[in-house]
$ cat final33.txt   # compact mmCIF, C-alpha atoms
# COMPACT_ATOMS: atom_id res chain seq x y z
CA MET O 1 0.00 0.00 0.00
CA GLU O 2 1.35 3.42 -0.95
CA PHE O 3 0.51 5.40 2.18
CA ASP O 4 1.48 8.75 0.69
CA SER O 5 -1.04 8.15 -2.10
CA LEU O 6 -3.71 6.99 0.37
CA GLN O 7 -3.17 10.00 2.60
CA GLU O 8 -3.41 12.35 -0.37
CA TYR O 9 -6.57 10.58 -1.55
CA LEU O 10 -8.25 10.92 1.84
CA ASN O 11 -7.20 14.55 2.22
CA THR O 12 -8.65 15.36 -1.20
CA ASN O 13 -11.93 13.48 -0.88
CA LEU O 14 -12.74 13.42 2.84
CA PHE O 15 -13.59 16.86 4.19
CA GLY O 16 -12.95 18.19 7.69
CA ASN O 17 -11.62 16.24 10.69
CA GLN O 18 -7.97 16.55 9.65
CA HIS O 19 -6.76 15.18 12.97
CA PHE O 20 -8.84 12.06 12.43
CA LYS O 21 -7.37 11.51 8.97
CA ASN O 22 -3.84 11.85 10.35
CA ARG O 23 -4.59 9.40 13.17
CA LEU O 24 -6.16 6.91 10.76
CA ILE O 25 -3.12 6.94 8.47
CA ASP O 26 -0.72 6.58 11.41
CA GLN O 27 -2.66 3.61 12.79
CA LEU O 28 -2.82 1.94 9.38
CA LYS O 29 0.95 2.32 9.03
CA GLY O 30 1.45 0.57 12.35
CA PHE O 31 -0.99 -2.16 11.38
CA ARG O 32 0.96 -2.86 8.19
CA TYR O 33 4.14 -3.61 10.14
CA PHE O 34 2.50 -5.85 12.72
CA ASN O 35 0.44 -7.63 10.09
CA ARG O 36 3.63 -8.42 8.19
CA ILE O 37 5.13 -10.19 11.22
CA GLY O 38 1.92 -12.09 11.89
CA GLU O 39 0.88 -10.24 15.03
CA ARG O 40 -2.30 -8.55 13.81
CA LYS O 41 -4.67 -9.80 11.13
CA ILE O 42 -7.49 -7.22 11.06
CA PHE O 43 -7.39 -3.44 11.34
CA SER O 44 -10.48 -2.06 13.07
CA ALA O 45 -11.69 1.46 13.76
CA PHE O 46 -14.73 2.57 15.76
CA ILE O 47 -15.92 5.98 14.56
CA CYS O 48 -18.72 7.81 16.34
CA GLY O 49 -20.29 11.22 15.94
CA PRO O 50 -23.34 12.96 14.41
CA SER O 51 -24.87 11.84 11.13
CA GLY O 52 -23.58 13.21 7.83
CA ILE O 53 -20.02 14.11 8.86
CA GLY O 54 -18.03 11.44 7.01
CA LYS O 55 -18.11 8.21 9.03
CA THR O 56 -19.55 6.06 6.25
CA GLU O 57 -17.62 8.04 3.64
CA THR O 58 -14.35 7.07 5.36
CA ALA O 59 -15.07 3.39 4.78
CA ARG O 60 -16.29 3.99 1.25
CA LEU O 61 -13.15 5.93 0.30
CA LEU O 62 -10.86 3.27 1.77
CA HIS O 63 -12.78 0.67 -0.22
CA THR O 64 -12.54 2.67 -3.45
CA PHE O 65 -8.80 3.22 -3.02
CA LEU O 66 -7.90 -0.33 -1.93
CA SER O 67 -10.45 -2.41 -3.85
CA PRO O 68 -11.54 -0.46 -6.94
CA GLY O 69 -14.21 -2.17 -9.02
CA GLU O 70 -15.36 -4.47 -6.21
CA LYS O 71 -18.73 -4.38 -4.47
CA PHE O 72 -18.74 -2.34 -1.28
CA ILE O 73 -19.36 -4.57 1.76
CA LYS O 74 -21.76 -2.79 4.12
CA ILE O 75 -23.69 -4.34 6.99
CA ASN O 76 -26.29 -2.15 8.72
CA LEU O 77 -26.85 -3.45 12.24
CA GLY O 78 -29.88 -1.25 12.89
CA ASN O 79 -32.10 -4.35 12.69
CA TYR O 80 -29.72 -6.70 14.49
CA SER O 81 -31.02 -6.29 18.02
CA ASP O 82 -33.20 -9.39 18.56
CA HIS O 83 -32.19 -12.91 19.62
CA ASN O 84 -31.91 -14.06 15.98
CA ALA O 85 -29.43 -11.32 15.07
CA LEU O 86 -26.36 -13.54 14.88
CA SER O 87 -28.18 -15.97 12.59
CA SER O 88 -28.97 -13.07 10.27
CA LEU O 89 -25.28 -12.12 10.28
CA ILE O 90 -23.59 -15.52 9.79
CA GLY O 91 -26.53 -17.79 8.93
CA SER O 92 -28.76 -20.21 10.74
CA PRO O 93 -27.42 -23.72 11.48
CA ARG O 94 -28.02 -26.66 9.16
CA GLY O 95 -31.17 -28.55 9.97
CA TYR O 96 -33.19 -25.46 10.90
CA ILE O 97 -36.20 -24.71 8.74
CA GLY O 98 -35.16 -21.98 6.32
CA SER O 99 -31.46 -22.33 7.20
CA SER O 100 -29.41 -20.08 5.00
CA GLN O 101 -26.17 -18.18 4.66
CA GLY O 102 -25.83 -14.99 6.69
CA GLU O 103 -25.51 -11.47 5.31
CA LEU O 104 -21.85 -11.02 6.28
CA SER O 105 -20.56 -14.29 4.86
CA LYS O 106 -22.66 -13.87 1.71
CA LYS O 107 -21.30 -10.39 1.00
CA ILE O 108 -17.70 -11.42 1.67
CA GLU O 109 -18.06 -14.29 -0.80
CA ARG O 110 -19.47 -11.95 -3.46
CA SER O 111 -16.78 -9.28 -3.16
CA LYS O 112 -13.00 -9.21 -3.04
CA SER O 113 -13.05 -5.89 -1.22
CA SER O 114 -10.73 -5.77 1.79
CA VAL O 115 -12.89 -3.15 3.56
CA ILE O 116 -16.05 -3.89 5.55
CA LEU O 117 -18.39 -1.22 6.94
CA ILE O 118 -20.39 -2.17 10.03
CA ASP O 119 -22.93 0.64 10.43
CA GLU O 120 -25.07 1.51 13.49
CA PHE O 121 -23.02 -0.90 15.57
CA GLU O 122 -24.46 0.23 18.90
CA LYS O 123 -27.92 -1.10 17.93
CA SER O 124 -26.79 -4.72 17.59
CA SER O 125 -27.28 -7.40 20.23
CA ARG O 126 -24.76 -8.52 22.85
CA GLU O 127 -24.42 -11.78 20.93
CA VAL O 128 -23.32 -9.86 17.83
CA HIS O 129 -20.89 -7.83 19.94
CA ASN O 130 -19.37 -11.06 21.23
CA PHE O 131 -19.06 -12.35 17.66
CA PHE O 132 -17.03 -9.32 16.63
CA LEU O 133 -14.93 -9.57 19.79
CA GLU O 134 -13.88 -13.06 18.68
CA LEU O 135 -13.49 -12.01 15.05
CA LEU O 136 -11.13 -9.15 15.93
CA SER O 137 -9.19 -11.48 18.22
CA ASP O 138 -8.84 -14.41 15.81
CA GLY O 139 -8.96 -12.67 12.42
CA CYS O 140 -11.31 -15.33 11.08
CA PHE O 141 -14.72 -16.88 11.61
CA THR O 142 -16.75 -19.92 10.62
CA ASP O 143 -20.34 -19.35 9.58
CA SER O 144 -23.23 -21.59 10.59
CA LEU O 145 -22.90 -23.66 7.41
CA GLY O 146 -19.28 -24.50 8.17
CA HIS O 147 -17.63 -22.12 5.72
CA GLU O 148 -14.39 -20.62 7.02
CA PHE O 149 -13.49 -16.98 6.32
CA ASP O 150 -9.96 -15.70 6.84
CA LEU O 151 -10.04 -11.90 7.08
CA ASN O 152 -6.28 -11.38 7.15
CA LYS O 153 -5.40 -7.84 5.93
CA TYR O 154 -9.03 -6.71 6.13
CA ILE O 155 -10.07 -3.28 7.40
CA ILE O 156 -13.33 -3.16 9.37
CA ILE O 157 -14.86 0.25 10.06
CA PHE O 158 -17.51 0.31 12.80
CA THR O 159 -19.68 3.44 12.83
CA SER O 160 -22.14 4.74 15.39
CA ASN O 161 -24.16 7.86 16.20
CA ILE O 162 -23.66 7.44 19.95
CA LYS O 163 -21.94 10.14 21.94
CA GLU O 164 -18.38 9.58 23.09
CA GLN O 165 -19.44 9.50 26.76
CA GLU O 166 -21.86 6.65 25.99
CA LEU O 167 -19.11 4.32 24.81
CA SER O 168 -18.55 2.72 28.19
CA SER O 169 -22.24 1.87 28.61
CA LYS O 170 -22.84 0.67 25.04
CA ILE O 171 -19.59 -1.14 24.22
CA SER O 172 -17.85 -3.54 26.61
CA PRO O 173 -14.28 -2.82 27.78
CA GLU O 174 -13.11 -6.07 26.17
CA LEU O 175 -14.45 -5.07 22.78
CA ARG O 176 -13.24 -1.46 23.06
CA SER O 177 -9.73 -2.76 23.70
CA ARG O 178 -9.84 -4.65 20.39
CA PHE O 179 -10.40 -1.53 18.28
CA ASP O 180 -7.17 -0.16 16.83
CA LEU O 181 -8.68 3.31 16.68
CA ILE O 182 -11.61 4.90 18.50
CA TYR O 183 -12.47 8.39 17.32
CA LYS O 184 -15.28 10.92 17.66
CA MET O 185 -15.67 12.92 14.46
CA VAL O 186 -16.86 16.49 14.91
CA LEU O 187 -19.05 18.89 12.94
CA PHE O 188 -17.52 20.76 10.02
CA LEU O 189 -16.10 24.23 10.12
CA ASP O 190 -17.63 26.71 7.67
CA GLU O 191 -14.40 26.65 5.67
CA ASP O 192 -14.71 22.87 5.27
CA LYS O 193 -18.27 23.29 3.99
CA LYS O 194 -17.19 25.89 1.43
CA LEU O 195 -14.43 23.61 0.14
CA TYR O 196 -16.94 20.78 -0.12
CA ILE O 197 -19.39 22.94 -2.11
CA LYS O 198 -16.67 23.90 -4.59
CA TYR O 199 -15.53 20.30 -4.94
CA LYS O 200 -19.03 18.84 -5.31
CA VAL O 201 -20.32 21.45 -7.77
CA ASN O 202 -17.28 20.96 -10.01
CA TYR O 203 -17.72 17.18 -9.72
CA TYR O 204 -21.38 17.35 -10.79
CA VAL O 205 -20.70 19.86 -13.57
CA LYS O 206 -18.10 17.57 -15.13
CA LYS O 207 -20.51 14.62 -15.07
CA ILE O 208 -23.25 16.76 -16.60
CA HIS O 209 -20.91 17.88 -19.39
CA ASP O 210 -20.09 14.22 -20.06
CA SER O 211 -23.73 13.08 -20.01
CA PHE O 212 -25.78 15.87 -21.60
CA ASP O 213 -25.49 18.16 -24.58
CA VAL O 214 -25.33 21.23 -22.36
CA ARG O 215 -22.69 23.59 -21.03
CA ILE O 216 -22.81 25.29 -17.67
CA THR O 217 -21.14 28.69 -17.68
CA ASP O 218 -18.65 30.02 -15.13
CA GLU O 219 -21.29 32.46 -13.93
CA GLU O 220 -23.77 29.63 -13.40
CA ILE O 221 -21.13 27.60 -11.54
CA LYS O 222 -20.52 30.60 -9.28
CA SER O 223 -24.26 30.80 -8.62
CA LEU O 224 -24.42 27.08 -7.81
CA GLN O 225 -21.63 27.53 -5.29
CA SER O 226 -23.38 30.45 -3.63
CA ILE O 227 -24.84 28.75 -0.54
CA ASP O 228 -25.10 30.05 3.02
CA VAL O 229 -23.15 27.31 4.81
CA SER O 230 -24.32 28.50 8.24
CA ASN O 231 -27.68 26.86 7.50
CA PHE O 232 -26.15 23.37 7.32
CA SER O 233 -24.64 21.21 10.05
CA ASN O 234 -23.67 18.22 7.91
CA LEU O 235 -22.61 17.45 4.36
CA ARG O 236 -25.52 15.15 3.58
CA ASN O 237 -28.05 18.00 3.75
CA LEU O 238 -25.61 20.34 2.06
CA ASN O 239 -25.30 17.91 -0.84
CA LYS O 240 -29.10 17.79 -1.19
CA CYS O 241 -29.09 21.57 -1.49
CA ILE O 242 -26.43 21.41 -4.22
CA GLU O 243 -28.40 18.75 -6.09
CA ASN O 244 -31.60 20.82 -5.91
CA LYS O 245 -29.84 23.88 -7.32
CA ILE O 246 -28.36 21.84 -10.16
CA SER O 247 -31.70 20.19 -10.89
CA ASN O 248 -33.41 23.58 -11.06
CA LEU O 249 -30.70 24.92 -13.37
CA LEU O 250 -31.02 21.98 -15.77
CA SER O 251 -34.80 22.33 -15.72
CA ASP O 252 -34.51 26.04 -16.57
CA LYS O 253 -32.22 25.12 -19.45
CA LYS O 254 -34.88 22.61 -20.57
CA VAL O 255 -32.41 19.74 -20.58
CA ASN O 256 -34.20 16.57 -21.65
CA CYS O 257 -33.56 13.33 -19.76
CA ILE O 258 -35.16 10.13 -21.05
CA PHE O 259 -35.84 7.49 -18.43
CA VAL O 260 -35.39 3.88 -19.52
CA VAL O 261 -37.35 1.41 -17.41
CA PHE O 262 -36.15 -2.17 -17.30
CA ASN O 263 -38.46 -5.03 -16.42
CA LEU O 264 -36.45 -7.19 -14.04
$ encode --input "final33.txt" --output "structure tokens"
Amino acid sequence: MEFDSLQEYLNTNLFGNQHFKNRLIDQLKGFRYFNRIGERKIFSAFICGPSGIGKTETARLLHTFLSPGEKFIKINLGNYSDHNALSSLIGSPRGYIGSSQGELSKKIERSKSSVILIDEFEKSSREVHNFFLELLSDGCFTDSLGHEFDLNKYIIIFTSNIKEQELSSKISPELRSRFDLIYKMVLFLDEDKKLYIKYKVNYYVKKIHDSFDVRITDEEIKSLQSIDVSNFSNLRNLNKCIENKISNLLSDKKVNCIFVVFNL
């Protein structure tokens, strides 16, 4: 892995939280050395903080950089709180009615990505927490159907909306000690939001130029970038605002877009 290239990629595409990005790169560098000598198999990070500030995007960017062209492996644990949660994750045992492969093992088999996103981790059951405690300890797991999965060199990003002070009540000390990095991401500064607007508008304009027979002028680009950032606390809502402005501009220009519906 070329860490200089990865660091540059994250700095360019992940906005705000510079200290977090520096810590992440430093921890990944350390992981590389200890993985090489067989001391650590999986790198894990637990990232908490408000919605829309880059937690999921961190995992997605790592995936895009390290495993381009592969399917992104994302498990949302928001519905993994009942007593059947572990069966949903790694499958129900043979012999049970409706026994099947679990979501995690199925997605790992279908993708060669080395990055896994575990979203809304705090909502999962204690049984699921114990599963990940063992997984981070051993670097491998066997699903209910007997298939073995070696996750050597994998990166697992756990994300949560819980507050930093809730960590001790939501996540056990044993599991917390297994995370290579625990970090609370913070809200963006206005300057970060302005940089994001410039980046995202230019990104969309390029795609529009490639997809439609239309040109957006410099004056129109300037208008698209004219947004009062003080009205937005996260990038998800800010992006919706950018998309609405672009949609209105294309509609005013009477740009035609033909929808093709496929019968699946």
$ closest_residue --input "final33.txt" --among "O:Glu164, O:Thr142, O:Cys48, O:Thr64" --to "Ile118 in chain O" --atoms "only C-alpha atoms"
O:Cys48
$ residues_around --input "final33.txt" --residues "range 22-38 of chain O" --least-positions-apart "5" --cutoff "9 Å" --atoms "only C-alpha atoms" --output "MDAnalysis selection string"
chainID O and resid 1 3 6:7 17 43 45 152:153 180:181 183
$ atom_distance --input "final33.txt" --atom1 "CA of Lys184 in chain O" --atom2 "CA of Thr56 in chain O"
13.1 Å
$ residues_around --input "final33.txt" --residues "Ser5 in chain O" --least-positions-apart "5" --cutoff "12 Å" --atoms "only C-alpha atoms" --output "ChimeraX atom specification"
/O:10-12,25,62,65-66
$ residues_near_point --input "final33.txt" --point "(-22.5, -12.2, 12.0)" --cutoff "10 Å" --atoms "all atoms listed in the file" --output "VMD selection string"
chain O and resid 75 77 80 85 to 91 102 to 105 127 to 132 135 141 to 144
$ build_atoms --input "final33.txt" --residues "range 43-56 of chain O" --atoms "N, CA, C and O atoms" --output "mmCIF file, in the coordinates of the input"
data_model
loop_
_atom_site.group_PDB
_atom_site.id
_atom_site.type_symbol
_atom_site.label_atom_id
_atom_site.label_comp_id
_atom_site.auth_asym_id
_atom_site.auth_seq_id
_atom_site.Cartn_x
_atom_site.Cartn_y
_atom_site.Cartn_z
ATOM 1 N N PHE O 43 -7.400 -4.804 10.828
ATOM 2 C CA PHE O 43 -7.390 -3.440 11.340
ATOM 3 C C PHE O 43 -8.832 -3.020 11.575
ATOM 4 O O PHE O 43 -9.683 -3.181 10.692
ATOM 5 N N SER O 44 -9.115 -2.469 12.762
ATOM 6 C CA SER O 44 -10.480 -2.060 13.070
ATOM 7 C C SER O 44 -10.499 -0.647 13.637
ATOM 8 O O SER O 44 -9.612 -0.257 14.407
ATOM 9 N N ALA O 45 -11.502 0.117 13.242
ATOM 10 C CA ALA O 45 -11.690 1.460 13.760
ATOM 11 C C ALA O 45 -13.143 1.651 14.141
ATOM 12 O O ALA O 45 -14.042 1.253 13.387
ATOM 13 N N PHE O 46 -13.375 2.236 15.305
ATOM 14 C CA PHE O 46 -14.730 2.570 15.760
ATOM 15 C C PHE O 46 -14.855 4.081 15.669
ATOM 16 O O PHE O 46 -14.154 4.827 16.367
ATOM 17 N N ILE O 47 -15.757 4.550 14.798
ATOM 18 C CA ILE O 47 -15.920 5.980 14.560
ATOM 19 C C ILE O 47 -17.323 6.389 14.979
ATOM 20 O O ILE O 47 -18.314 5.851 14.482
ATOM 21 N N CYS O 48 -17.409 7.328 15.900
ATOM 22 C CA CYS O 48 -18.720 7.810 16.340
ATOM 23 C C CYS O 48 -18.839 9.305 16.049
ATOM 24 O O CYS O 48 -17.866 9.966 15.691
ATOM 25 N N GLY O 49 -20.047 9.809 16.213
ATOM 26 C CA GLY O 49 -20.290 11.220 15.940
ATOM 27 C C GLY O 49 -21.621 11.405 15.232
ATOM 28 O O GLY O 49 -22.288 10.436 14.847
ATOM 29 N N PRO O 50 -22.051 12.658 15.048
ATOM 30 C CA PRO O 50 -23.340 12.960 14.410
ATOM 31 C C PRO O 50 -23.425 12.414 12.989
ATOM 32 O O PRO O 50 -22.413 12.104 12.356
ATOM 33 N N SER O 51 -24.641 12.333 12.490
ATOM 34 C CA SER O 51 -24.870 11.840 11.130
ATOM 35 C C SER O 51 -24.399 12.864 10.104
ATOM 36 O O SER O 51 -24.473 14.079 10.318
ATOM 37 N N GLY O 52 -23.901 12.353 8.968
ATOM 38 C CA GLY O 52 -23.580 13.210 7.830
ATOM 39 C C GLY O 52 -22.255 13.928 7.927
ATOM 40 O O GLY O 52 -22.074 14.960 7.278
ATOM 41 N N ILE O 53 -21.293 13.413 8.721
ATOM 42 C CA ILE O 53 -20.020 14.110 8.860
ATOM 43 C C ILE O 53 -18.832 13.318 8.306
ATOM 44 O O ILE O 53 -17.688 13.737 8.461
ATOM 45 N N GLY O 54 -19.105 12.154 7.690
ATOM 46 C CA GLY O 54 -18.030 11.440 7.010
ATOM 47 C C GLY O 54 -17.665 10.075 7.549
ATOM 48 O O GLY O 54 -16.685 9.481 7.097
ATOM 49 N N LYS O 55 -18.447 9.521 8.467
ATOM 50 C CA LYS O 55 -18.110 8.210 9.030
ATOM 51 C C LYS O 55 -18.206 7.120 7.954
ATOM 52 O O LYS O 55 -17.253 6.374 7.716
ATOM 53 N N THR O 56 -19.362 7.042 7.317
ATOM 54 C CA THR O 56 -19.550 6.060 6.250
ATOM 55 C C THR O 56 -18.640 6.361 5.064
ATOM 56 O O THR O 56 -18.082 5.443 4.444
#
